[in-house]
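*Asks:* Supplied in structure tokens, the structure appears directly below.
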There are 2 protein chains.
Amino acid sequence: MVQATALPRNEGGIETVVGILKQQFGDRLQTGASIREQHGHTTTYIHNQMPDAVVFPESTQEVTQIVKTCATHHVPVIPFGTGTSLEGHVNAPAGGISVDMSRMDQIIAVQAEDLTVVVQPGVTREQLNTHLRDQGLFFPIDPGANASLGGMTATRASGTNAVRYGTMKDNVLSLEVVMASGEVIRTAQRAKKSSAGYDLTRLMVGSEGTLGLITEITLRLQGIPEAISSARCTFPTVDAACRAVMMTIQYGIPVARIELLDEMSVKAANDYSKLDLPETPLLLLEFHGSEGGVSEQAEMFGSIAEEFGGSDFAATTSTEERNKLWQARHDMYWAAHQLRPGAKGISTDVCVPISRLAEAVTRTQAKAEELGLLAPIVGHVGDGNFHSLPLIDMESEEELAAVEVFVSWLNNMAIELEGTCTGEHGIGQGKRPYLKKELGNAVNYMAAIKAALDPDNILNPGKIVEM
Amino acid sequence: MVQATALPRNEGGIETVVGILKQQFGDRLQTGASIREQHGHTTTYIHNQMPDAVVFPESTQEVTQIVKTCATHHVPVIPFGTGTSLEGHVNAPAGGISVDMSRMDQIIAVQAEDLTVVVQPGVTREQLNTHLRDQGLFFPIDPGANASLGGMTATRASGTNAVRYGTMKDNVLSLEVVMASGEVIRTAQRAKKSSAGYDLTRLMVGSEGTLGLITEITLRLQGIPEAISSARCTFPTVDAACRAVMMTIQYGIPVARIELLDEMSVKAANDYSKLDLPETPLLLLEFHGSEGGVSEQAEMFGSIAEEFGGSDFAATTSTEERNKLWQARHDMYWAAHQLRPGAKGISTDVCVPISRLAEAVTRTQAKAEELGLLAPIVGHVGDGNFHSLPLIDMESEEELAAVEVFVSWLNNMAIELEGTCTGEHGIGQGKRPYLKKELGNAVNYMAAIKAALDPDNILNPGKIVEM
């Protein structure tokens with residue numbers, strides 16, 4: 001495991017706060033080791049730094065009460081959704097209180113006429129979509145995991161549908177937030193657009209719990225399309241596949257999903273999901289629209305693909321076939337692990353301008369090979385975002401060293417290509433050094449904002465910026 | 001004219017700074033009364049508060065030099081684009097230096113493969129679109145005026161295309177900004193999406209020059225659609241028109257523009273643009289897509305319109321007819337003034353959830369009538385945003401009093417309906433009291449951010465927040 005830096009602990013304050021909250025929350029304050037460990041960071045290679053207690057509020061008022069108590073005694077507060085983040089976001093490097101939002105799981109109001117919904121932060125995206133289905137509506141952001149909408153907002157999540165529907169930044173209209181003092185604010189009204197002062201909504205989206213605790217979210221919804229079709233197409237090289245993607249985007253074909261699997265990922269998918277795809281680079285696509293629209297989109301893509309040597313192009317509107325294909329895509333994380341049983345996948349998340357994508361993916365494959373790493377690649381290529389997942393033996397010092405070189409090389413390459421070290425996973429603990437490389441002195445202004453809004457640094461300390 | 005509050009002037013500092021800048025910039029520093037007046041606020045009802053000098057930098061380095069000089073002597077710096085803002089954004093209530101960006105008008109790079117462009121802030125949207133046309137690309141945000149892209153970014157502008165392409169917040173990828181200290185930052189890389197820390201890009205978009213001076217902008221572009229068609233349809237009532245809009249949006253028809261003109265606006269358009277539209281509420285639409293796509297969209301809209309009593313539905317792909325229709329829409333500001341020659345139109349800009357739109361427009365018409373005001377309405381109704389333009393005799397105390405009651409009533413109504421006092425014009429000087437009504441204590445956190453990033457309050461003081 002990679003060690004995350006520990007920060008100084010305020011032992012006295014923590015003890016006092018745990019005592020006060022225990023009185024107020026009874027069984028909804030837990031201090032057992034296993035629940036604390038589960039609320040530290042478990043899904044990545046970053047070492048677990050458990051909080052001192054986990055509390056389960058049921059209302060904004062209770063969150064306020066928790067934050068005020070922690071503020072009084074200068075004790076860290078770490079919001080927790082479902083724990084599926086990948087960069088150490090929920091670790092407690094200075095100890096403190098994990099605020100588990102899972103009991104704040106009410107869908108407060110669906111405004112179907114406005115295509116908006118108001119939810120509490122513990123609602124998961126699958127729960128929301130199940131609730132909406134009967135009304136012909138859906139929430140499009142899909143990061144893969146059944147994450148909580150609070151966590152998705154806090155990390156500016158996106159995923160496979162972002163090429164058409166944008167990321168969380170584009171789909172959050174307004175937030176209720178408990179600030180470091182315990183004061184509650186609302187960042188915006190429910191109108192679809194606004195020029196009313198600084199964009200506090202977008203400042204909170206992606207702030208990873210370091211500027212406030214999100215207690216209510218107003219989201220934009222979409223109507224379920226009349227028709228959905230999916231397609232797949234194999235390509236002779238990653239370069240050819242990326243060029244096809246670029247032209248698809250330039251032509252303004254409104255693809256809903258366009259995902260790349262490299263050769264190694266296709267092999268993993270074949271093995272794991274019992275498919276028989278040709279083991280060369282593959283694009284998986286989804287089209288949303290009217291019956292006529294989706295077939296037109298598929299046809300246009302088909303012509304583009306052909307131009308770049310694409311073959312085995314197959315489009316389908318069959319729900320069953322579509323589900324099978326996308327299930328295989330969603331299972332890629334597990335499928336990749338089967339390429340090397342017992343190994344641990346180290347997630348990466350670079351995103352580059354689409355014109356640099358082919359180069360970036362090709363160089364990444366070569367670098368992994370040079371370092372002797374098995375590292376399949378999948379990508380949300382319509383956005384220029386891809387994940388290389390080196391599979392390593394966590395007991396091997398040599399492999400740990402190699403993966404460290406690889407990750408560092410990869411992030412630096414993305415930055416050199418005018419891209420980012422993180423398209424959708426966030427900074428957390430893991431990427432703080434790269435944030436500085438990427439944005440330089442702009443990070444000082446992030447720190448100034450953090451200091452202005454959380455002067456005692458109690459909100460998720462040790463994430464994004466140094467204090 | 002409505003008086004804007006004057007702020008204390010730092011006479012000594014101003015004199016020193018004007019002297020230093022005169023030496024450095026020579027003729028590119030102007031102090032004549034007429035140029036200063038033209039750089040104070042001229043396009044609205046708000047009283048002109050002229051700066052002490054106007055300087056014309058030609059590079060980021062020169063902007064840095066100006067800001068550093070002003071910072072040293074605690075003198076206000078007010079960025080200026082084309083002066084088409086409507087809420088007193090470029091007024092100088094404490095005097096100071098207006099920084100006219102018109103000479104920073106270079107299109108630095110077009111990255112056609114990425115659908116991005118890098119521009120200096122003085123580039124206007126028409127200049128950009130003329131430059132892009134040969135490459136089959138366009139920049140979709142159209143606020144009506146041929147505004148500068150720096151000004152559009154600073155005020156989070158939008159306009160008629162926003163229903164499909166979003167506002168400036170959705171179309172700015174990255175900014176270079178000169179901060180209050182004179183330090184230059186870059187807010188993001190050029191990747192299409194990113195989770196790299198706080199969203200400084202979106203914080204700067206809409207900050208109206210109060211957090212930094214924008215010196216370079218990376219924008220998202222669109223491919224010019226294969227086909228464009230436009231349509232018009234008249235409705236028996238505003239309510240019926242709004243309901244048709246609501247259903248159009250719910251059905252996911254990707255209209256590029258959907259504009260409402262109320263009865264009085266149609267009359268004005270008929271008179272001014274020599275049209276013969278039936279004088280009842282009218283929707284103007286534009287569809288972008290493939291040949292098949294736009295005719296399908298028009299057909300679907302036609303069916304919806306019919307359901308709500310729409311008549312005289314006419315769609316066309318003729319460029320000439322389309323231009324005539326949209327020219328009439330763009331000329332509405334002038335056309336409205338012809339309803340009452342000599343009168344001054346007072347712009348308003350509320351935006352509500354679309355389900356409340358019919359009610360909001362209908363109540364606004366009734367209120368204007370009750371107050372004896374002639375106030376035609378046009379609206380970007382796909383976003384719930386509309387402008388009522390009371391036409392008043394600025395010499396009449398009675399009318400000035402009535403319009404004050406009207407504007408206040410209108411903004412409060414929008415806020416009550418979960419909407420905003422400003423969909424796209426911004427806060428500036430004019431709407432500061434309403435910002436507080438709308439967002440309450442959240443405004444204190446805006447002030448905290450302002451204080452953190454501009455501790456001496458030299459950047460466009462007296463706008464958005466109080467210091």
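Naming scheme: A, B, ... for chains in displayed order of the structure tokens; residues 1 onward per chain; ligands 1 onward as shown.
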Enumerate as a PyMOL selection string the residues belonging to chain B that approach chain A to within 7 Å, with only C-alpha atoms taken into account.

*Replies:* chain B and resi 113-114+155-156+185-199+202-203+206-207+223+246+250-252+293+351-355+383+418-420+422-427+435+439+441-442+446+448-449+452+464

*Asks:* Would you save the residues from that selection as a short mmCIF file (atom, residue, chain, number, x, y, z; two decimals), in the first residue's frame, using N, CA and C atoms?

*Replies:*
data_model
loop_
_atom_site.label_atom_id
_atom_site.label_comp_id
_atom_site.auth_asym_id
_atom_site.auth_seq_id
_atom_site.Cartn_x
_atom_site.Cartn_y
_atom_site.Cartn_z
N GLU B 113 -9.32 20.31 -34.79
CA GLU B 113 -9.54 18.91 -34.44
C GLU B 113 -10.15 18.75 -33.04
N ASP B 114 -9.85 19.71 -32.18
CA ASP B 114 -10.36 19.64 -30.80
C ASP B 114 -11.62 20.46 -30.62
N THR B 155 -19.35 38.28 -17.77
CA THR B 155 -20.75 38.44 -17.32
C THR B 155 -21.57 37.15 -17.47
N ARG B 156 -20.91 36.05 -17.80
CA ARG B 156 -21.62 34.77 -17.99
C ARG B 156 -22.78 34.96 -18.97
N ILE B 185 -2.38 33.80 -13.70
CA ILE B 185 -2.65 32.37 -13.52
C ILE B 185 -3.36 31.80 -14.75
N ARG B 186 -3.29 30.48 -14.85
CA ARG B 186 -4.10 29.76 -15.84
C ARG B 186 -5.03 28.86 -15.03
N THR B 187 -6.35 28.94 -15.34
CA THR B 187 -7.31 28.25 -14.47
C THR B 187 -7.46 26.77 -14.76
N ALA B 188 -7.10 26.34 -15.97
CA ALA B 188 -7.29 24.93 -16.33
C ALA B 188 -6.48 24.62 -17.58
N GLN B 189 -6.30 23.36 -17.85
CA GLN B 189 -5.67 22.93 -19.10
C GLN B 189 -6.74 22.90 -20.20
N ARG B 190 -6.35 22.43 -21.38
CA ARG B 190 -7.26 22.50 -22.52
C ARG B 190 -8.08 21.22 -22.73
N ALA B 191 -7.96 20.26 -21.82
CA ALA B 191 -8.76 19.03 -21.94
C ALA B 191 -10.25 19.37 -21.81
N LYS B 192 -11.09 18.54 -22.41
CA LYS B 192 -12.52 18.83 -22.46
C LYS B 192 -13.16 18.74 -21.08
N LYS B 193 -12.62 17.91 -20.21
CA LYS B 193 -13.14 17.85 -18.85
C LYS B 193 -11.99 17.65 -17.89
N SER B 194 -12.22 17.96 -16.64
CA SER B 194 -11.17 17.87 -15.65
C SER B 194 -11.77 17.85 -14.25
N SER B 195 -11.11 17.11 -13.34
CA SER B 195 -11.49 17.16 -11.93
C SER B 195 -10.33 17.70 -11.10
N ALA B 196 -9.54 18.56 -11.71
CA ALA B 196 -8.31 19.02 -11.07
C ALA B 196 -8.55 20.19 -10.12
N GLY B 197 -9.07 19.91 -8.95
CA GLY B 197 -9.21 20.93 -7.91
C GLY B 197 -10.39 21.85 -8.14
N TYR B 198 -10.40 22.96 -7.40
CA TYR B 198 -11.52 23.89 -7.47
C TYR B 198 -11.66 24.46 -8.88
N ASP B 199 -12.89 24.67 -9.28
CA ASP B 199 -13.20 25.11 -10.64
C ASP B 199 -13.00 26.62 -10.76
N ARG B 202 -14.87 28.39 -13.74
CA ARG B 202 -16.27 28.77 -13.52
C ARG B 202 -16.39 29.88 -12.46
N LEU B 203 -15.43 29.96 -11.55
CA LEU B 203 -15.47 31.07 -10.58
C LEU B 203 -15.22 32.40 -11.29
N GLY B 206 -18.41 35.04 -15.05
CA GLY B 206 -19.49 35.69 -14.30
C GLY B 206 -19.02 36.51 -13.12
N SER B 207 -17.71 36.65 -12.94
CA SER B 207 -17.23 37.42 -11.78
C SER B 207 -17.10 38.92 -12.11
N GLY B 223 -19.24 22.44 -34.78
CA GLY B 223 -19.26 22.35 -36.24
C GLY B 223 -20.51 23.04 -36.76
N MET B 246 -42.61 24.11 -23.15
CA MET B 246 -42.33 23.15 -22.09
C MET B 246 -42.35 21.73 -22.65
N GLN B 250 -39.41 18.94 -22.95
CA GLN B 250 -39.59 17.63 -22.32
C GLN B 250 -39.40 16.49 -23.31
N TYR B 251 -39.84 16.71 -24.54
CA TYR B 251 -39.70 15.67 -25.56
C TYR B 251 -38.26 15.55 -26.03
N GLY B 252 -37.41 16.41 -25.53
CA GLY B 252 -36.00 16.32 -25.90
C GLY B 252 -35.72 16.77 -27.32
N GLY B 293 -32.80 15.37 -39.87
CA GLY B 293 -33.00 15.74 -38.46
C GLY B 293 -33.80 17.03 -38.31
N CYS B 351 -35.40 35.04 -14.80
CA CYS B 351 -35.38 33.68 -15.33
C CYS B 351 -35.98 32.76 -14.28
N VAL B 352 -36.96 31.97 -14.69
CA VAL B 352 -37.67 31.11 -13.72
C VAL B 352 -37.68 29.67 -14.23
N PRO B 353 -37.95 28.70 -13.33
CA PRO B 353 -38.14 27.33 -13.83
C PRO B 353 -39.24 27.34 -14.87
N ILE B 354 -39.07 26.56 -15.91
CA ILE B 354 -39.93 26.67 -17.07
C ILE B 354 -41.41 26.40 -16.74
N SER B 355 -41.66 25.60 -15.70
CA SER B 355 -43.04 25.33 -15.30
C SER B 355 -43.73 26.58 -14.76
N ASP B 383 -35.19 28.46 -21.87
CA ASP B 383 -34.46 28.52 -20.60
C ASP B 383 -35.28 29.16 -19.47
N GLU B 418 -38.85 30.56 -7.41
CA GLU B 418 -37.60 29.78 -7.43
C GLU B 418 -36.69 30.15 -8.59
N GLY B 419 -36.87 31.39 -9.09
CA GLY B 419 -36.03 31.84 -10.20
C GLY B 419 -35.02 32.87 -9.74
N THR B 420 -34.46 33.56 -10.72
CA THR B 420 -33.38 34.51 -10.45
C THR B 420 -33.70 35.89 -11.02
N THR B 422 -31.55 37.61 -12.46
CA THR B 422 -30.75 37.80 -13.67
C THR B 422 -30.38 36.49 -14.33
N GLY B 423 -30.95 36.26 -15.49
CA GLY B 423 -30.64 35.05 -16.24
C GLY B 423 -29.34 35.16 -17.01
N GLU B 424 -28.99 36.41 -17.43
CA GLU B 424 -27.81 36.56 -18.30
C GLU B 424 -27.15 37.92 -18.27
N HIS B 425 -27.76 38.93 -17.67
CA HIS B 425 -27.16 40.27 -17.70
C HIS B 425 -26.15 40.50 -16.58
N GLY B 426 -26.30 39.76 -15.48
CA GLY B 426 -25.38 39.93 -14.36
C GLY B 426 -25.90 40.88 -13.30
N ILE B 427 -25.12 41.02 -12.23
CA ILE B 427 -25.52 41.82 -11.07
C ILE B 427 -25.06 43.27 -11.20
N LEU B 435 -29.65 40.44 -5.35
CA LEU B 435 -28.77 39.28 -5.13
C LEU B 435 -28.90 38.81 -3.68
N LEU B 439 -30.13 35.07 -2.72
CA LEU B 439 -29.22 34.04 -2.19
C LEU B 439 -28.86 34.22 -0.73
N ASN B 441 -27.54 34.52 2.82
CA ASN B 441 -26.22 34.50 3.43
C ASN B 441 -25.14 33.93 2.50
N ALA B 442 -25.53 33.32 1.39
CA ALA B 442 -24.51 32.84 0.44
C ALA B 442 -23.67 34.02 -0.07
N MET B 446 -19.56 34.87 -0.99
CA MET B 446 -19.01 35.54 -2.17
C MET B 446 -18.08 36.67 -1.72
N ALA B 448 -16.47 36.84 1.04
CA ALA B 448 -15.25 36.26 1.63
C ALA B 448 -14.26 35.85 0.54
N ILE B 449 -14.79 35.33 -0.56
CA ILE B 449 -13.91 34.95 -1.69
C ILE B 449 -13.29 36.21 -2.30
N ALA B 452 -10.59 37.42 -0.12
CA ALA B 452 -9.40 36.56 -0.16
C ALA B 452 -8.58 36.81 -1.43
N ILE B 464 -21.29 43.51 -7.76
CA ILE B 464 -21.68 42.22 -7.18
C ILE B 464 -21.77 42.28 -5.65
#

*Asks:* Which residues come within 8 Å of stretch 270-287 of chain A, counting only C-alpha atoms, excluding same-chain residues fewer than 6 positions away, as number ranges by chain?

*Replies:* A: 228-238, 241, 254-264, 294, 297-298, 325, 328, 331, 335, 338

*Asks:* Would you save the residues from that selection as an mmCIF file, in the first residue's frame, using C-alpha atoms?

*Replies:*
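part.cif, written as the output of this step:
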data_model
loop_
_atom_site.group_PDB
_atom_site.id
_atom_site.type_symbol
_atom_site.label_atom_id
_atom_site.label_comp_id
_atom_site.auth_asym_id
_atom_site.auth_seq_id
_atom_site.Cartn_x
_atom_site.Cartn_y
_atom_site.Cartn_z
ATOM 1 C CA ILE A 228 -31.451 3.837 -28.142
ATOM 2 C CA SER A 229 -29.095 1.870 -30.287
ATOM 3 C CA SER A 230 -25.631 0.592 -29.660
ATOM 4 C CA ALA A 231 -22.802 -0.366 -31.925
ATOM 5 C CA ARG A 232 -19.333 -1.808 -31.882
ATOM 6 C CA CYS A 233 -16.514 -1.564 -34.354
ATOM 7 C CA THR A 234 -12.989 -2.965 -34.348
ATOM 8 C CA PHE A 235 -9.956 -1.081 -35.623
ATOM 9 C CA PRO A 236 -6.496 -2.122 -36.773
ATOM 10 C CA THR A 237 -4.783 0.276 -34.347
ATOM 11 C CA VAL A 238 -5.553 2.534 -31.396
ATOM 12 C CA ALA A 241 -9.869 4.182 -33.534
ATOM 13 C CA PRO A 254 -24.398 13.451 -30.914
ATOM 14 C CA VAL A 255 -23.082 10.096 -29.664
ATOM 15 C CA ALA A 256 -24.258 9.339 -26.139
ATOM 16 C CA ARG A 257 -21.317 7.039 -25.421
ATOM 17 C CA ILE A 258 -18.110 6.287 -27.294
ATOM 18 C CA GLU A 259 -15.725 4.030 -25.420
ATOM 19 C CA LEU A 260 -12.359 2.589 -26.389
ATOM 20 C CA LEU A 261 -11.014 -0.782 -25.280
ATOM 21 C CA ASP A 262 -7.452 -1.530 -26.270
ATOM 22 C CA GLU A 263 -6.371 -4.984 -27.402
ATOM 23 C CA MET A 264 -5.554 -6.143 -23.898
ATOM 24 C CA VAL A 294 -30.341 6.834 -34.093
ATOM 25 C CA GLN A 297 -26.229 8.447 -36.409
ATOM 26 C CA ALA A 298 -25.192 4.802 -36.630
ATOM 27 C CA LEU A 325 -22.189 -5.193 -24.505
ATOM 28 C CA ALA A 328 -18.995 -6.154 -20.446
ATOM 29 C CA ASP A 331 -17.278 -5.213 -15.764
ATOM 30 C CA ALA A 335 -12.258 -8.378 -16.097
ATOM 31 C CA GLN A 338 -8.561 -11.587 -14.229
#

*Asks:* If we count only C-alpha atoms and set the cut-off at 9 Å, which residues sit around A:Val178, ignoring sequence neighbours fewer than 3 positions away in its own chain? Please answer as a list in words.

*Replies:* Thr60, Val63, Thr64, Val67, Ser181, Gly182, Glu183, Val184, Ile185, Leu211, Gly212, Leu213, Ile214 and Thr215 of chain A

*Asks:* Tell me, in Å to one decimal, how far atom CA of B:Glu176 is from atom CA of B:Phe138.

*Replies:*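 Result for atom CA of B:Glu176 versus atom CA of B:Phe138: 21.9 Å, one decimal.
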
*Asks:* Run DSSP on the backbone and tell me which residues of stretch 109-155 of chain A come out as strand (DSSP E or B); list them as a PyMOL selection string.

*Replies:* chain A and resi 109-111+116-119+124+137-138+148

*Asks:* Can you spit out the residues from that selection as an mmCIF file, in the first residue's frame, using C-alpha atoms?

*Replies:*
data_model
loop_
_atom_site.group_PDB
_atom_site.id
_atom_site.type_symbol
_atom_site.label_atom_id
_atom_site.label_comp_id
_atom_site.auth_asym_id
_atom_site.auth_seq_id
_atom_site.Cartn_x
_atom_site.Cartn_y
_atom_site.Cartn_z
ATOM 1 C CA ALA A 109 -39.147 16.404 -5.213
ATOM 2 C CA VAL A 110 -39.311 15.526 -8.894
ATOM 3 C CA GLN A 111 -40.257 18.538 -11.037
ATOM 4 C CA THR A 116 -35.252 18.781 -12.390
ATOM 5 C CA VAL A 117 -35.105 16.765 -9.189
ATOM 6 C CA VAL A 118 -34.136 17.637 -5.616
ATOM 7 C CA VAL A 119 -32.348 14.889 -3.692
ATOM 8 C CA THR A 124 -27.451 6.765 -5.277
ATOM 9 C CA LEU A 137 -36.980 10.561 -17.157
ATOM 10 C CA PHE A 138 -33.399 9.685 -16.314
ATOM 11 C CA SER A 148 -24.074 8.523 -4.114
#

*Asks:* Can you tell me which residues surround A:Arg9 at a distance of at most 9 Å, considering only C-alpha atoms, apart from same-chain residues fewer than 2 positions away, and format the answer as a PyMOL selection string?

*Replies:* chain A and resi 6-7+11-14+75+93-96

*Asks:* Quick one: everything within 7 Å of stretch 35-46 of chain A, counting only C-alpha atoms, minus sequence neighbours fewer than 3 positions away in the same chain. Send it as JSON, numbers by chain.

*Replies:* {"A": [1, 2, 3, 4, 31, 32, 49, 50, 51, 52, 53, 54, 83, 84, 86, 87, 88, 90, 91, 92, 98, 346]}

*Asks:* Could you tell me how far atom CA of B:Ser34 lies from atom CA of B:Ser85, in Å and to one decimal?

*Replies:*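 Between atom CA of B:Ser34 and atom CA of B:Ser85 the gap is 18.7 Å.
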
*Asks:* What is the distance between atom CA of A:Met332 and atom CA of A:Ala360, in Å to one decimal?

*Replies:*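 Pair atom CA of A:Met332 / atom CA of A:Ala360 returns 20.5 Å.
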
*Asks:* So which residues touch stretch 399-409 of chain A within 8 Å, counting only C-alpha atoms, skipping near sequence neighbours fewer than 2 positions away, as a ChimeraX atom specification?

*Replies:* /A:348,367-368,371,373,390,392-394,396-397,411-413

*Asks:* Could you dump the residues just selected with C-alpha atoms as a tab-separated table (two decimals), in the first residue's frame?

*Replies:*
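Output below, filename selection.tsv:
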chain	number	residue	atom	x	y	z
A	348	THR	CA	-5.14	6.31	-13.49
A	367	LYS	CA	5.74	2.96	-21.64
A	368	ALA	CA	3.91	0.19	-19.77
A	371	LEU	CA	8.46	-0.98	-17.62
A	373	LEU	CA	3.73	-3.62	-16.60
A	390	PRO	CA	-1.43	-1.39	-14.33
A	392	ILE	CA	0.77	-5.22	-9.95
A	393	ASP	CA	1.84	-7.54	-7.19
A	394	MET	CA	1.60	-5.29	-4.14
A	396	SER	CA	6.85	-6.73	-5.04
A	397	GLU	CA	8.99	-3.71	-4.29
A	411	ASN	CA	0.46	12.31	-15.43
A	412	ASN	CA	3.37	14.41	-16.64
A	413	MET	CA	2.81	13.37	-20.24

*Asks:* Could you pull out all residues of stretch 224-437 of chain B with a DSSP call of helix (DSSP H, G or I) and give them as a count of residues only?

*Replies:* 106

*Asks:* Can you work out which one of A:Gln120, A:Thr317, A:Gln65, A:Asn161 has the shortest atom-to-atom distance to A:Leu21, counting only C-alpha atoms?

*Replies:* A:Gln65
